[in-house]
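Here's work12.cif, which has mmCIF, C-alpha atoms:
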```cif
data_entry
loop_
_atom_site.label_atom_id
_atom_site.label_comp_id
_atom_site.auth_asym_id
_atom_site.auth_seq_id
_atom_site.Cartn_x
_atom_site.Cartn_y
_atom_site.Cartn_z
CA MET X 777 -34.35 32.38 -15.10
CA THR X 778 -32.11 29.58 -13.89
CA ASP X 779 -33.21 26.45 -12.15
CA ARG X 780 -31.73 26.67 -8.68
CA LEU X 781 -31.91 22.93 -8.08
CA ILE X 782 -29.94 22.23 -11.22
CA THR X 783 -27.23 24.78 -10.40
CA ASP X 784 -27.02 23.52 -6.82
CA LEU X 785 -26.63 19.96 -8.08
CA ARG X 786 -23.84 21.13 -10.33
CA ASP X 787 -22.15 22.72 -7.32
CA LEU X 788 -21.97 19.32 -5.66
CA MET X 789 -19.03 18.61 -7.95
CA THR X 790 -15.99 18.76 -5.72
CA ALA X 791 -12.26 18.20 -6.04
CA ALA X 792 -10.91 14.76 -5.20
CA PRO X 793 -8.33 14.88 -2.38
CA GLN X 794 -4.78 14.98 -3.78
CA ALA X 795 -3.73 11.97 -1.70
CA ALA X 796 -6.64 9.97 -3.16
CA ILE X 797 -5.65 10.98 -6.70
CA ASN X 798 -2.08 9.89 -5.93
CA ALA X 799 -3.33 6.57 -4.58
CA ALA X 800 -5.39 6.05 -7.74
CA ILE X 801 -2.38 6.74 -9.98
CA ALA X 802 -0.32 4.39 -7.82
CA VAL X 803 -2.46 1.40 -8.86
CA SER X 804 -0.60 1.56 -12.18
CA SER X 805 2.99 0.69 -12.86
CA VAL X 806 3.98 4.34 -13.42
CA ALA X 807 3.97 5.17 -9.74
CA ASP X 808 4.02 3.71 -6.26
CA GLY X 809 2.30 5.30 -3.30
CA TYR X 810 4.17 6.00 -0.09
CA VAL X 811 3.53 6.77 3.56
CA THR X 812 5.86 7.51 6.47
CA ARG X 813 6.18 5.60 9.72
CA GLN X 814 8.18 6.19 12.88
CA SER X 815 11.14 3.94 13.66
CA PRO X 816 14.11 3.95 16.05
CA LEU X 817 16.11 5.42 13.16
CA GLY X 818 13.72 8.30 12.46
CA PRO X 819 10.90 8.60 9.92
CA LEU X 820 10.81 5.68 7.52
CA TYR X 821 9.45 6.16 4.01
CA VAL X 822 7.45 3.12 2.92
CA ALA X 823 6.50 2.77 -0.74
CA PHE X 824 4.07 0.19 -2.10
CA ASN X 825 2.29 -0.89 -5.25
CA GLN X 826 -0.26 -3.54 -6.21
CA ARG X 827 2.22 -6.32 -5.48
CA GLY X 828 3.17 -5.12 -2.01
CA VAL X 829 5.72 -2.97 -0.19
CA SER X 830 8.38 -2.00 -2.70
CA ALA X 831 10.75 0.20 -0.71
CA VAL X 832 11.63 1.17 2.84
CA ASP X 833 14.05 4.07 3.15
CA LEU X 834 15.34 6.90 5.29
CA ALA X 835 15.49 10.35 3.71
CA ASP X 836 15.96 13.96 4.69
CA SER X 837 12.68 15.06 3.18
CA PRO X 838 9.79 13.78 1.06
CA ALA X 839 11.40 15.35 -2.01
CA ASP X 840 14.67 13.59 -1.22
CA PHE X 841 12.89 10.25 -0.90
CA GLU X 842 10.88 10.77 -4.11
CA GLN X 843 14.08 11.58 -6.00
CA ARG X 844 15.93 8.53 -4.68
CA PHE X 845 12.99 6.26 -5.40
CA ASN X 846 12.68 7.55 -8.94
CA ASP X 847 16.44 7.17 -9.54
CA LEU X 848 16.39 3.59 -8.25
CA TYR X 849 13.19 2.25 -9.75
CA GLY X 850 12.32 4.55 -12.63
CA ARG X 851 8.85 5.14 -11.23
CA GLN X 852 7.37 8.03 -9.34
CA ALA X 853 6.60 7.81 -5.63
CA LEU X 854 3.48 9.73 -4.67
CA PRO X 855 2.39 10.54 -1.10
CA VAL X 856 -0.89 8.94 -0.06
CA ASP X 857 -2.76 8.98 3.22
CA ARG X 858 -3.98 5.41 3.31
CA LEU X 859 -2.79 1.95 2.46
CA PRO X 860 -4.30 -1.11 0.82
CA ASP X 861 -5.96 -3.26 3.51
CA GLN X 862 -3.41 -6.05 3.46
CA ILE X 863 -0.54 -3.60 3.93
CA GLU X 864 -2.35 -1.48 6.50
CA ARG X 865 -3.05 -4.56 8.60
CA HIS X 866 0.53 -5.82 8.74
CA LEU X 867 2.89 -2.87 8.17
CA ASP X 868 3.23 -1.53 11.71
CA THR X 869 3.80 -4.97 13.21
CA ALA X 870 6.35 -5.75 10.52
CA ILE X 871 8.30 -2.56 11.30
CA GLU X 872 8.04 -3.11 15.04
CA THR X 873 9.14 -6.72 15.00
CA GLY X 874 11.47 -6.60 12.01
CA LYS X 875 9.61 -9.49 10.46
CA PRO X 876 7.43 -9.24 7.36
CA GLY X 877 4.93 -11.85 8.54
CA ARG X 878 1.96 -11.52 6.20
CA LEU X 879 3.00 -8.13 4.86
CA PRO X 880 3.05 -8.44 1.05
CA LEU X 881 6.42 -7.48 -0.41
CA ASP X 882 7.25 -6.59 -3.99
CA PHE X 883 10.32 -8.59 -4.98
CA SER X 884 9.44 -8.44 -8.67
CA GLY X 885 12.51 -6.37 -9.58
CA LEU X 886 14.91 -8.80 -7.90
CA THR X 887 16.77 -11.84 -9.15
CA GLU X 888 15.65 -15.20 -7.83
CA PHE X 889 18.87 -15.35 -5.84
CA SER X 890 18.30 -11.97 -4.17
CA ALA X 891 14.71 -12.86 -3.37
CA ALA X 892 15.86 -16.14 -1.80
CA VAL X 893 18.42 -14.26 0.31
CA LEU X 894 15.75 -11.87 1.54
CA ARG X 895 13.23 -14.60 2.29
CA LYS X 896 15.83 -16.48 4.31
CA THR X 897 16.93 -13.32 6.11
CA ALA X 898 13.31 -12.67 7.04
CA GLU X 899 13.37 -15.87 9.11
CA ILE X 900 16.05 -14.62 11.53
CA PRO X 901 14.32 -13.84 14.82
CA GLY X 902 14.54 -10.40 16.45
CA GLY X 903 17.53 -9.85 18.72
CA GLN X 904 19.57 -12.55 16.94
CA VAL X 905 22.22 -12.41 14.24
CA ARG X 906 23.55 -14.85 11.67
CA PRO X 907 26.70 -14.69 9.55
CA TYR X 908 26.52 -14.01 5.81
CA GLY X 909 27.76 -17.56 5.30
CA TRP X 910 24.78 -18.95 7.18
CA VAL X 911 22.37 -17.32 4.72
CA ALA X 912 24.44 -18.59 1.79
CA ARG X 913 24.40 -22.15 3.09
CA GLU X 914 20.73 -22.08 4.02
CA ILE X 915 19.67 -21.11 0.51
CA GLY X 916 21.81 -23.88 -0.93
CA LYS X 917 24.60 -21.64 -2.26
CA PRO X 918 27.34 -22.12 0.35
CA GLY X 919 29.97 -20.52 -1.87
CA ALA X 920 27.98 -17.35 -2.50
CA VAL X 921 28.86 -15.47 0.69
CA ARG X 922 29.87 -12.27 -1.08
CA ALA X 923 26.85 -12.38 -3.33
CA VAL X 924 24.67 -12.64 -0.21
CA GLY X 925 26.35 -9.47 1.05
CA SER X 926 25.61 -7.67 -2.23
CA ALA X 927 22.01 -8.84 -2.26
CA LEU X 928 21.51 -7.58 1.29
CA ALA X 929 23.21 -4.29 0.45
CA ARG X 930 20.50 -3.80 -2.16
CA ASN X 931 17.66 -4.95 0.10
CA PRO X 932 14.79 -2.69 -1.05
CA VAL X 933 12.88 -3.21 2.20
CA PRO X 934 15.29 -2.94 5.14
CA VAL X 935 13.86 -3.11 8.66
CA VAL X 936 10.91 -5.27 7.56
CA VAL X 937 13.33 -7.72 5.97
CA PRO X 938 15.91 -7.55 8.76
CA CYS X 939 19.19 -7.47 6.86
CA HIS X 940 20.62 -5.80 9.96
CA ARG X 941 20.60 -9.28 11.54
CA VAL X 942 23.14 -10.62 9.05
CA VAL X 943 26.68 -9.82 10.23
CA ARG X 944 30.28 -10.75 9.62
CA SER X 945 31.56 -13.68 11.68
CA ASP X 946 34.76 -11.89 12.76
CA GLY X 947 33.32 -9.47 15.30
CA HIS X 948 32.49 -6.70 12.84
CA LEU X 949 28.86 -6.02 12.14
CA GLY X 950 29.48 -5.45 8.44
CA ASN X 951 27.88 -2.94 6.12
CA TYR X 952 24.38 -1.60 6.37
CA SER X 953 22.36 -0.10 3.58
CA LEU X 954 19.95 2.08 5.52
CA GLY X 955 21.53 5.45 6.31
CA ASP X 956 24.42 5.55 8.75
CA PRO X 957 26.36 2.25 9.22
CA GLU X 958 25.83 2.66 12.96
CA ASN X 959 22.12 2.12 12.34
CA LYS X 960 22.79 -1.60 12.21
CA ARG X 961 24.01 -1.53 15.79
CA LEU X 962 21.14 0.76 16.85
CA LEU X 963 18.52 -1.61 15.47
CA LEU X 964 20.16 -4.67 17.02
CA GLU X 965 20.42 -2.97 20.40
CA ALA X 966 16.85 -1.74 20.15
CA GLU X 967 15.70 -5.34 19.79
CA GLY X 968 17.65 -6.47 22.81
CA LEU X 969 20.88 -7.93 21.47
CA ASP X 970 23.96 -7.29 23.62
CA VAL X 971 26.07 -6.18 20.69
CA VAL X 972 29.23 -5.60 22.75
CA GLU X 973 29.08 -9.09 24.18
CA TYR X 974 28.43 -10.66 20.78
CA GLN X 975 31.29 -8.72 19.22
CA SER X 976 33.71 -9.67 21.95
CA LEU X 977 32.79 -13.32 21.52
CA SER X 978 33.07 -13.35 17.75
CA GLY X 979 36.14 -11.12 17.95
CA ARG X 980 37.83 -13.93 19.91
CA GLY X 981 37.06 -16.25 17.01
CA ILE X 982 34.13 -18.00 18.66
CA ARG X 983 31.55 -18.99 16.05
CA PHE X 984 29.29 -21.28 18.07
CA THR X 985 28.35 -21.97 21.64
CA GLY X 986 26.96 -25.20 23.05
CA SER X 987 25.61 -26.63 26.25
CA ASN X 988 27.50 -29.49 27.91
CA THR X 989 24.25 -30.76 29.39
CA THR X 990 22.52 -31.24 26.04
CA ASN X 991 25.55 -31.55 23.74
CA ILE X 992 23.83 -29.23 21.25
CA PHE X 993 25.61 -26.27 19.66
CA CYS X 994 24.05 -23.08 18.36
CA ASN X 995 24.69 -19.75 16.75
CA PRO X 996 25.72 -17.72 19.82
CA THR X 997 22.65 -15.44 19.68
CA CYS X 998 20.17 -18.31 19.26
CA HIS X 999 17.40 -18.24 21.82
CA HIS X 1000 18.47 -21.70 23.03
CA ALA X 1001 22.15 -20.75 23.36
CA ARG X 1002 21.23 -17.78 25.47
CA ARG X 1003 19.25 -19.95 27.87
CA THR X 1004 22.35 -21.98 28.68
CA SER X 1005 23.84 -20.94 32.02
CA PRO X 1006 27.45 -19.69 31.84
CA GLY X 1007 28.76 -22.69 33.81
CA HIS X 1008 27.48 -25.05 31.14
CA THR X 1009 28.42 -23.06 28.06
CA VAL X 1010 31.08 -24.45 25.75
CA GLU X 1011 32.62 -22.29 23.02
CA PHE X 1012 33.59 -23.52 19.55
CA ARG X 1013 35.68 -21.93 16.84
CA SER X 1014 34.35 -24.12 14.07
CA GLU X 1015 31.64 -26.51 13.13
CA GLN X 1016 34.24 -29.27 12.94
CA SER X 1017 35.45 -28.77 16.51
CA ALA X 1018 31.88 -28.85 17.78
CA LEU X 1019 31.06 -32.00 15.86
CA SER X 1020 34.23 -33.77 16.91
CA ALA X 1021 33.47 -32.88 20.54
CA GLY X 1022 30.30 -34.92 20.10
CA PHE X 1023 27.89 -31.97 19.79
CA ARG X 1024 25.07 -31.88 17.30
CA PRO X 1025 23.77 -28.69 15.63
CA CYS X 1026 20.65 -27.02 17.05
CA LYS X 1027 17.60 -27.76 14.92
CA VAL X 1028 16.20 -24.29 15.42
CA CYS X 1029 19.11 -22.01 14.49
CA ARG X 1030 20.83 -24.59 12.25
CA PRO X 1031 24.41 -23.45 12.88
CA ALA X 1032 25.75 -26.09 10.48
CA ALA X 1033 24.52 -28.25 7.67
CA MET X 1034 22.44 -31.07 9.11
CA ALA X 1035 23.71 -34.53 8.40
CA ALA X 1036 21.79 -35.92 5.47
CA MET V 1230 -14.78 22.69 -11.35
CA THR V 1231 -13.16 22.30 -14.71
CA ARG V 1232 -14.53 19.62 -16.93
CA PRO V 1233 -11.49 18.40 -18.80
CA ASP V 1234 -11.39 17.55 -22.45
CA LEU V 1235 -11.44 13.79 -22.72
CA SER V 1236 -11.53 13.51 -26.50
CA THR V 1237 -7.98 12.23 -26.97
CA LEU V 1238 -7.81 10.18 -23.78
CA ALA V 1239 -8.96 6.88 -25.30
CA ASP V 1240 -6.40 7.22 -28.11
CA ASP V 1241 -3.68 8.12 -25.62
CA LEU V 1242 -4.50 5.15 -23.39
CA ALA V 1243 -4.52 2.83 -26.40
CA ALA V 1244 -1.15 4.13 -27.58
CA ASP V 1245 0.59 4.00 -24.20
CA LEU V 1246 -1.41 2.84 -21.19
CA ASP V 1247 1.23 3.67 -18.59
CA GLY V 1248 2.15 6.94 -20.25
CA ALA V 1249 -1.45 8.13 -20.30
CA PHE V 1250 -2.77 6.60 -17.10
CA THR V 1251 -1.78 9.55 -14.89
CA ALA V 1252 -3.54 11.98 -17.23
CA TYR V 1253 -6.59 9.68 -17.31
CA VAL V 1254 -6.81 9.62 -13.51
CA ARG V 1255 -6.29 13.35 -13.19
CA ALA V 1256 -8.94 14.05 -15.84
CA THR V 1257 -11.59 11.78 -14.35
CA ALA V 1258 -10.85 11.64 -10.61
CA ASP V 1259 -12.87 14.67 -9.53
CA GLY V 1260 -15.91 13.19 -11.24
CA ILE V 1261 -15.46 9.72 -9.82
CA PHE V 1262 -14.86 11.12 -6.34
CA SER V 1263 -17.74 13.62 -6.47
CA GLY V 1264 -20.15 11.14 -7.96
CA SER V 1265 -19.33 8.41 -5.43
CA LEU V 1266 -19.44 10.93 -2.61
CA ARG V 1267 -22.90 12.11 -3.63
CA MET V 1268 -24.22 8.59 -4.17
CA LEU V 1269 -22.81 7.29 -0.89
CA GLY V 1270 -22.72 10.39 1.31
CA ASP V 1271 -19.43 9.40 2.92
CA ARG V 1272 -15.97 10.66 2.02
CA ARG V 1273 -14.16 7.55 3.14
CA ASP V 1274 -16.45 5.28 1.15
CA ALA V 1275 -16.03 7.59 -1.84
CA GLU V 1276 -12.24 7.35 -1.58
CA ASP V 1277 -12.47 3.58 -1.33
CA VAL V 1278 -14.68 3.39 -4.42
CA MET V 1279 -12.37 5.73 -6.29
CA GLN V 1280 -9.30 3.67 -5.44
CA GLU V 1281 -10.94 0.40 -6.38
CA THR V 1282 -12.36 1.88 -9.58
CA TYR V 1283 -8.93 2.85 -10.90
CA SER V 1284 -7.41 -0.40 -9.77
CA ARG V 1285 -10.00 -2.35 -11.77
CA ALA V 1286 -9.81 0.06 -14.68
CA TYR V 1287 -6.04 -0.37 -14.92
CA THR V 1288 -6.28 -4.15 -14.78
CA ALA V 1289 -9.04 -4.16 -17.40
CA LEU V 1290 -7.18 -1.80 -19.73
CA GLN V 1291 -4.09 -4.00 -19.54
CA GLY V 1292 -6.17 -6.83 -20.97
CA TYR V 1293 -7.95 -4.83 -23.69
CA SER V 1294 -6.79 -4.64 -27.29
CA ASN V 1295 -5.72 -1.23 -28.60
CA GLU V 1296 -8.79 -1.09 -30.76
CA ARG V 1297 -11.10 -1.78 -27.86
CA ILE V 1298 -9.47 1.00 -25.80
CA ARG V 1299 -9.63 3.47 -28.71
CA ASN V 1300 -13.36 2.88 -28.98
CA LEU V 1301 -14.04 3.37 -25.27
CA LYS V 1302 -16.14 6.26 -24.08
CA VAL V 1303 -13.77 6.77 -21.23
CA ARG V 1304 -15.98 8.55 -18.70
CA GLY V 1305 -18.99 6.32 -19.21
CA TRP V 1306 -16.84 3.20 -19.14
CA THR V 1307 -15.11 4.27 -15.93
CA TRP V 1308 -18.50 4.93 -14.42
CA THR V 1309 -19.60 1.41 -15.29
CA ILE V 1310 -17.04 0.28 -12.74
CA ALA V 1311 -17.63 3.05 -10.21
CA ALA V 1312 -21.43 2.75 -10.26
CA ASN V 1313 -21.24 -0.98 -9.63
CA LEU V 1314 -18.84 -0.48 -6.76
CA SER V 1315 -21.00 2.27 -5.27
CA ARG V 1316 -24.10 0.10 -5.48
CA ASN V 1317 -22.27 -2.83 -3.89
CA ARG V 1318 -20.98 -0.64 -1.12
CA LEU V 1319 -24.48 0.56 -0.30
CA ARG V 1320 -25.67 -3.02 -0.18
CA SER V 1321 -22.87 -4.14 2.10
CA ARG V 1322 -23.50 -1.12 4.30
CA ALA V 1323 -27.18 -2.03 4.50
CA ARG V 1324 -26.14 -5.41 5.85
CA LYS V 1325 -23.96 -3.72 8.47
CA PRO V 1326 -26.38 -1.40 10.29
CA THR V 1327 -23.64 -0.02 12.57
CA ALA V 1328 -22.06 1.92 9.70
CA PRO V 1329 -22.30 5.69 10.14
CA LEU V 1330 -25.23 7.54 8.65
CA GLY V 1331 -23.77 8.93 5.46
CA ALA V 1332 -25.47 12.29 5.26
CA LEU V 1333 -24.52 13.28 8.77
CA GLU V 1334 -20.92 12.44 8.13
CA VAL V 1335 -20.78 14.61 5.03
CA ALA V 1336 -22.28 17.53 6.94
CA ALA V 1337 -19.77 17.04 9.74
CA THR V 1338 -16.63 16.62 7.66
CA GLY V 1339 -17.64 19.07 4.94
CA ALA V 1340 -18.09 21.99 7.32
CA GLY V 1341 -14.42 22.45 8.11
CA THR V 1342 -12.98 21.80 4.70
CA GLU V 1343 -15.33 23.39 2.18
CA ASP V 1344 -16.82 26.75 1.60
CA ALA V 1345 -19.33 27.09 4.43
CA ALA V 1346 -22.28 28.26 2.33
CA LEU V 1347 -21.67 25.56 -0.25
CA SER V 1348 -21.49 22.82 2.33
CA GLU V 1349 -24.71 24.04 3.95
CA ILE V 1350 -26.57 23.88 0.66
CA GLY V 1351 -24.69 20.69 -0.09
CA GLY V 1352 -25.76 19.22 3.24
CA VAL V 1353 -29.49 19.74 2.61
CA LEU V 1354 -29.32 18.61 -0.98
CA GLN V 1355 -27.04 15.72 -0.08
CA ARG V 1356 -29.55 14.42 2.45
CA ALA V 1357 -32.34 14.76 -0.09
CA LEU V 1358 -30.26 12.80 -2.63
CA LEU V 1359 -29.63 10.02 -0.15
CA ASP V 1360 -33.38 9.66 0.32
CA LEU V 1361 -33.80 8.77 -3.37
CA PRO V 1362 -33.84 5.13 -4.47
CA PHE V 1363 -30.40 4.24 -5.82
CA PRO V 1364 -31.26 4.15 -9.55
CA GLN V 1365 -32.78 7.64 -9.39
CA ARG V 1366 -29.98 8.96 -7.22
CA ALA V 1367 -27.30 7.54 -9.50
CA ALA V 1368 -29.02 8.88 -12.61
CA VAL V 1369 -29.51 12.37 -11.16
CA VAL V 1370 -25.94 12.55 -9.88
CA MET V 1371 -24.48 11.38 -13.17
CA ARG V 1372 -26.63 13.68 -15.25
CA HIS V 1373 -26.65 16.85 -13.19
CA VAL V 1374 -23.60 16.73 -10.92
CA LEU V 1375 -21.24 15.06 -13.37
CA ASP V 1376 -22.82 16.27 -16.62
CA LEU V 1377 -22.60 12.85 -18.28
CA SER V 1378 -24.60 12.24 -21.42
CA TYR V 1379 -27.68 10.01 -21.24
CA ASP V 1380 -25.87 7.53 -23.45
CA ASP V 1381 -22.95 7.33 -21.05
CA ILE V 1382 -25.28 6.97 -18.08
CA ALA V 1383 -27.26 4.23 -19.78
CA THR V 1384 -24.01 2.37 -20.47
CA ALA V 1385 -22.69 2.89 -16.96
CA LEU V 1386 -25.89 1.74 -15.26
CA ASP V 1387 -26.66 -0.91 -17.86
CA ARG V 1388 -30.19 0.39 -18.31
CA PRO V 1389 -32.04 1.65 -21.41
CA VAL V 1390 -31.70 5.37 -22.16
CA GLY V 1391 -35.46 5.82 -21.74
CA THR V 1392 -35.35 4.33 -18.26
CA VAL V 1393 -32.46 6.56 -17.28
CA LYS V 1394 -34.28 9.65 -18.52
CA ALA V 1395 -37.36 8.65 -16.53
CA ASP V 1396 -35.21 8.07 -13.44
CA VAL V 1397 -33.63 11.52 -13.77
CA HIS V 1398 -37.05 13.07 -14.23
CA ARG V 1399 -38.60 11.27 -11.23
CA GLY V 1400 -35.52 11.90 -9.12
CA LEU V 1401 -35.57 15.63 -9.83
CA ALA V 1402 -39.28 15.78 -9.07
CA ARG V 1403 -38.71 14.16 -5.69
CA LEU V 1404 -35.78 16.44 -4.97
CA ARG V 1405 -37.95 19.50 -5.70
CA ARG V 1406 -40.49 18.33 -3.15
CA ALA V 1407 -37.79 17.67 -0.57
CA TYR V 1408 -35.91 20.86 -1.36
CA PRO V 1409 -38.73 23.35 -2.04
CA GLU V 1410 -37.28 26.55 -0.64
CA GLU V 1411 -34.33 26.43 -2.99
CA THR V 1412 -35.83 25.29 -6.25
CA THR V 1413 -36.44 28.52 -8.16
CA ARG V 1414 -35.31 32.11 -8.29
#
```

As a first step, turn the structure in this file into structure tokens.
Amino acid sequence: MTDRLITDLRDLMTAAPQAAINAAIAVSSVADGYVTRQSPLGPLYVAFNQRGVSAVDLADSPADFEQRFNDLYGRQALPVDRLPDQIERHLDTAIETGKPGRLPLDFSGLTEFSAAVLRKTAEIPGGQVRPYGWVAREIGKPGAVRAVGSALARNPVPVVVPCHRVVRSDGHLGNYSLGDPENKRLLLEAEGLDVVEYQSLSGRGIRFTGSNTTNIFCNPTCHHARRTSPGHTVEFRSEQSALSAGFRPCKVCRPAAMAA
Amino acid sequence: MTRPDLSTLADDLAADLDGAFTAYVRATADGIFSGSLRMLGDRRDAEDVMQETYSRAYTALQGYSNERIRNLKVRGWTWTIAANLSRNRLRSRARKPTAPLGALEVAATGAGTEDAALSEIGGVLQRALLDLPFPQRAAVVMRHVLDLSYDDIATALDRPVGTVKADVHRGLARLRRAYPEETTR
């Protein structure tokens, strides 16, 4: 004689979904959760923990991504099917616009210098580029151009922190950490930059362009520079030549150190 | 469902929180998920409660001394968090009357994913559970779905053992009236 109600109650025990178990483990520091998102470069793997998004990567397969993540960070990456609210709300926009906005990011494993480089890089608008030296100067380390390059090469969250918008000033786009080096060009073209035109300009040694109606000079891809009609555009090879021609730097793209 | 041996878990967590946390989640997750699901009647809510429970548990454990962790009754303690979150979720749902009716959602989502016969029985019993006042529902679920001891339940719900026993008793009696065709064989 068994009590049917009691056995039926016991049968209400059910297995927790694997993705939910993974998400629960990922609240600890032993593992991060991850999801995938579409991008112009193919599926992006996006890992996160309690502090925010910790990694954005391309990989051939989930196993490949999990292995790379573990090698890099010494934690597991576990697939989950949902995100913390704050990440859910801002992730897709951040990927689409290449701008973190209010997406929380986990920079806890980075040096203060690297974090400063990434925060500055995050300010570069879509469809525009800045030289490595610009980032170095903007964070108050004008001599650290190479170190900026290394910090960006180790950017844990490419695409959402748009390191693809930081380029060499000699007409080459420079290295890119996310998959194929050509991905840098792909991303820039996808956000509307005329890469060929920019490269031909910088390849001729032109660092800045200005408008002879306003006497303001800009980074060539600055929104304001691009509004200048060709007949009024003046090209400069250096900050000094622009300044001595009586031009002042644009306050938006800050192509040169502002006079104190 | 296996009911894992939890006897060394508190010691393991005390010795190495990060090393043991995965095992702790794996050992308790089915219970936390099932219990929240049966108290709330909604898979999504249950997953939310589960997630938040482990998040709070991890944060709390980080702040506890080794001795305090070693002395924890892990399941009951975890349920202290989960029961509070489940109760709060019901309250916030009550304030938002547009939220889906829990029981119907379980019946709808359970049908495709679980054993059909089980989900049919589960559907009827689930609806009957959701008709119980929360203290009775929580006590019945913890005692008879999760097989927690009365001591653990009393701790988790912050009520005297005698009250919990009475709640289980009254809850079962109401379930038998609501679920008469299935009660004996």

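Omitting range 1302-1309 of chain V and its sequence neighbours fewer than 2 positions away, and counting only C-alpha atoms, the residues within 6 Å are Ala1311, Ala1312, Asp1381 and Ala1385 of chain V.
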
Just so the selection is clear, what residues does the PyMOL selection byres ((chain X) within 7 of (chain V)) cover here, as a PyMOL selection string?
chain X and resi 777-782+785-786+788-792+796-797+799-801+803-806

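Candidate residues V:Gly1391, V:Arg1316, V:Leu1361, V:Tyr1379 were compared for distance to Arg1403 in chain V, and the nearest is V:Leu1361, using all atoms listed in the file.
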
Could you list, as a short mmCIF file (atom, residue, chain, number, x, y, z; two decimals) with C-alpha atoms, keeping the file's coordinate frame, every residue within 9 Å of range 884-901 of chain X, counting all atoms listed in the file and ignoring same-chain residues fewer than 2 positions away?
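result.cif, freshly written:
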```
data_model
loop_
_atom_site.label_atom_id
_atom_site.label_comp_id
_atom_site.auth_asym_id
_atom_site.auth_seq_id
_atom_site.Cartn_x
_atom_site.Cartn_y
_atom_site.Cartn_z
CA ARG X 827 2.22 -6.32 -5.48
CA SER X 830 8.38 -2.00 -2.70
CA TYR X 849 13.19 2.25 -9.75
CA THR X 873 9.14 -6.72 15.00
CA GLY X 874 11.47 -6.60 12.01
CA LYS X 875 9.61 -9.49 10.46
CA PRO X 876 7.43 -9.24 7.36
CA GLY X 877 4.93 -11.85 8.54
CA LEU X 881 6.42 -7.48 -0.41
CA ASP X 882 7.25 -6.59 -3.99
CA GLY X 903 17.53 -9.85 18.72
CA GLN X 904 19.57 -12.55 16.94
CA VAL X 905 22.22 -12.41 14.24
CA ARG X 906 23.55 -14.85 11.67
CA VAL X 911 22.37 -17.32 4.72
CA ALA X 912 24.44 -18.59 1.79
CA GLU X 914 20.73 -22.08 4.02
CA ILE X 915 19.67 -21.11 0.51
CA ALA X 923 26.85 -12.38 -3.33
CA VAL X 924 24.67 -12.64 -0.21
CA SER X 926 25.61 -7.67 -2.23
CA ALA X 927 22.01 -8.84 -2.26
CA LEU X 928 21.51 -7.58 1.29
CA ARG X 930 20.50 -3.80 -2.16
CA ASN X 931 17.66 -4.95 0.10
CA VAL X 936 10.91 -5.27 7.56
CA VAL X 937 13.33 -7.72 5.97
CA PRO X 938 15.91 -7.55 8.76
CA CYS X 939 19.19 -7.47 6.86
CA ARG X 941 20.60 -9.28 11.54
CA VAL X 942 23.14 -10.62 9.05
CA CYS X 998 20.17 -18.31 19.26
CA HIS X 999 17.40 -18.24 21.82
CA CYS X 1029 19.11 -22.01 14.49
#
```

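Counting from CA of Gly828 in chain X, the distance to CA of Ser1294 in chain V is 27.2 Å.
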
Using all atoms of range 793-811 of chain X listed in the file and a margin of 4 Å per side, can you give the axis-aligned box centre and edge lengths in Å to one decimal, as JSON?
```
{"center_x": -2.1, "center_y": 7.8, "center_z": -4.9, "size_x": 20.5, "size_y": 22.3, "size_z": 25.0}
```
